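Notes to accompany the following structure.
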Amino acid sequence: DKGSGMPKRVLVVDDDPSIREALSQALASEMELRVADSAEQALALLASAAPDVILSDVRMPGLDGLALLRLLRERAPTVDVVMMSAFDDMATVVTSMREGAADFLAKPLDLHDLRRVLSRVFEDRRTRERRKAAVEDEGATYRLDSLVGRDPRMIETYKLVGQAANVRTNVLIRGESGTGKELIARAIHYNSTDAG
């Protein structure tokens, strides 16, 4: 979607040049596409290509697609991997999904299916990123530097927040309604050793 403003980066990994070419032609106008002819080349391109999604064949000489998938789960856990194979046997599909593939496409590829799967994977990525950003925003709201107030009594309060955050005990916060008890409680929680 053009609204997100972020280019969708896809790395296609397939030892068959005709498939690399077909996918390049099909997807180049919609996303930023790089190709690799082997799992080894894909791993070498990882840093420079910085893909969001890797579309990988399963059966390849050298490292196969499942070995690549396992390595990517360790080295690039935020990258989504979609596996493709002409051998649409259940064992390969089950293994791919169990090893953490985002989806599986059978060859010969149906471009309509491919677009649908990629679109869903990118949508899932956006949802994850939004959720992560929301959690980070919430954390930022209660970091000590976001509690304002230069009054000497507020400084004492900050010190107490720091002390309370380091002890495993219940803290009773008293005060008039509207004086920020909830904010202080959350600041203690977010700065405590138990947070998260």
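Residues are referred to by chain and number: the chain letter is A, B, ... according to the order shown in the structure tokens, the number counts from 1 in that chain, and ligands are numbered separately from 1 in the order shown.
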Based on the backbone DSSP call, show me all residues of region 36-132 of chain A assigned strand (DSSP E), as a list in words. Ala36, Val53, Ile54, Leu55, Ser56, Asp57, Asp80, Val81, Val82, Met83, Met84, Ser85, Asp103, Phe104, Leu105 and Ala106 of chain A
Would you kindly return, as number ranges by chain, each protein, DNA or RNA residue with an atom no farther than 7 Å from any atom of region 9-19 of chain A, considering only C-alpha atoms and excluding same-chain residues fewer than 4 positions away? A: 23, 31-39, 42, 51-57, 60
Tell me which protein, DNA and RNA residues are within 12 Å of Asp89 (chain A), counting only C-alpha atoms, leaving out same-chain ones fewer than 6 positions away, and put them as a ChimeraX atom specification. /A:58,95-96,104-107
As a ChimeraX atom specification, please: all residues of chain A that backbone DSSP puts in helix (DSSP H, G or I). /A:2-4,17-27,39-49,65-75,90-98,111-141,144-146,152-165,181-191
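Here the question is which of A:Ser29, A:Glu176, A:Thr78, A:Leu63 gets nearest to Arg126 (chain A) using only C-alpha atoms, and that residue is A:Thr78.
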For CA of Arg174 (chain A) and CA of Thr157 (chain A), quote the distance in Å rounded to one decimal. 11.9 Å
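Computed from the coordinates, the CA of Ala86 (chain A) to CA of Gln25 (chain A) distance equals 20.1 Å.
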May I ask for the distance between CA of Leu68 (chain A) and CA of Val81 (chain A), given in Å to one decimal place?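 These atoms are spaced 9.5 Å apart.
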Kindly indicate which residue among A:Arg20, A:Lys8, A:Gly100, A:Gly180 lies nearest to Glu74 (chain A), using only C-alpha atoms for the distances.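 Nearest to Glu74 (chain A): A:Gly100.
Residues lying within 10 Å of Glu99 (chain A), counting only C-alpha atoms and ignoring same-chain neighbours fewer than 3 positions away, are Leu66, Ala67, Leu69, Arg70, Arg73, Val93, Val94, Thr95, Ser96 and Ala102 of chain A.
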Dump as a compact mmCIF listing (two decimals), in the first residue's frame, selection limited to N, CA, C and O atoms:
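File written: again.txt
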# COMPACT_ATOMS: atom_id res chain seq x y z
N LEU A 66 15.09 -25.16 3.43
CA LEU A 66 14.81 -25.39 4.86
C LEU A 66 16.01 -25.03 5.72
O LEU A 66 15.86 -24.45 6.80
N ALA A 67 17.22 -25.33 5.21
CA ALA A 67 18.44 -24.95 5.95
C ALA A 67 18.53 -23.42 6.00
O ALA A 67 18.88 -22.85 7.04
N LEU A 69 16.01 -21.33 5.88
CA LEU A 69 14.97 -20.89 6.81
C LEU A 69 15.47 -20.96 8.25
O LEU A 69 15.31 -20.02 9.03
N ARG A 70 16.10 -22.08 8.61
CA ARG A 70 16.61 -22.24 9.99
C ARG A 70 17.67 -21.18 10.31
O ARG A 70 17.66 -20.59 11.40
N ARG A 73 16.05 -17.77 10.83
CA ARG A 73 15.36 -17.63 12.12
C ARG A 73 16.35 -17.20 13.20
O ARG A 73 16.01 -16.46 14.10
N VAL A 93 5.80 -29.05 3.58
CA VAL A 93 4.94 -27.95 4.04
C VAL A 93 4.94 -27.90 5.56
O VAL A 93 5.16 -26.86 6.17
N VAL A 94 4.73 -29.06 6.19
CA VAL A 94 4.66 -29.12 7.65
C VAL A 94 5.98 -28.67 8.27
O VAL A 94 6.01 -27.85 9.19
N THR A 95 7.10 -29.18 7.71
CA THR A 95 8.42 -28.80 8.24
C THR A 95 8.64 -27.30 8.08
O THR A 95 9.08 -26.63 9.02
N SER A 96 8.32 -26.76 6.91
CA SER A 96 8.50 -25.32 6.67
C SER A 96 7.74 -24.49 7.69
O SER A 96 8.28 -23.55 8.28
N ALA A 102 6.45 -18.12 7.12
CA ALA A 102 5.21 -17.33 7.21
C ALA A 102 4.13 -17.96 6.34
O ALA A 102 2.94 -17.86 6.64
Pick from A:Ala164, A:Leu118, A:Val82, A:Leu172, whichever lies nearest to Glu30 (chain A) using only C-alpha atoms: A:Leu118
Within 8 Å of Val117 (chain A) using only C-alpha atoms, minus same-chain residues under 4 positions, as a list in words: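 So, after excluding close chain neighbours, the residues are Asp103, Asp113 and Val121 of chain A.
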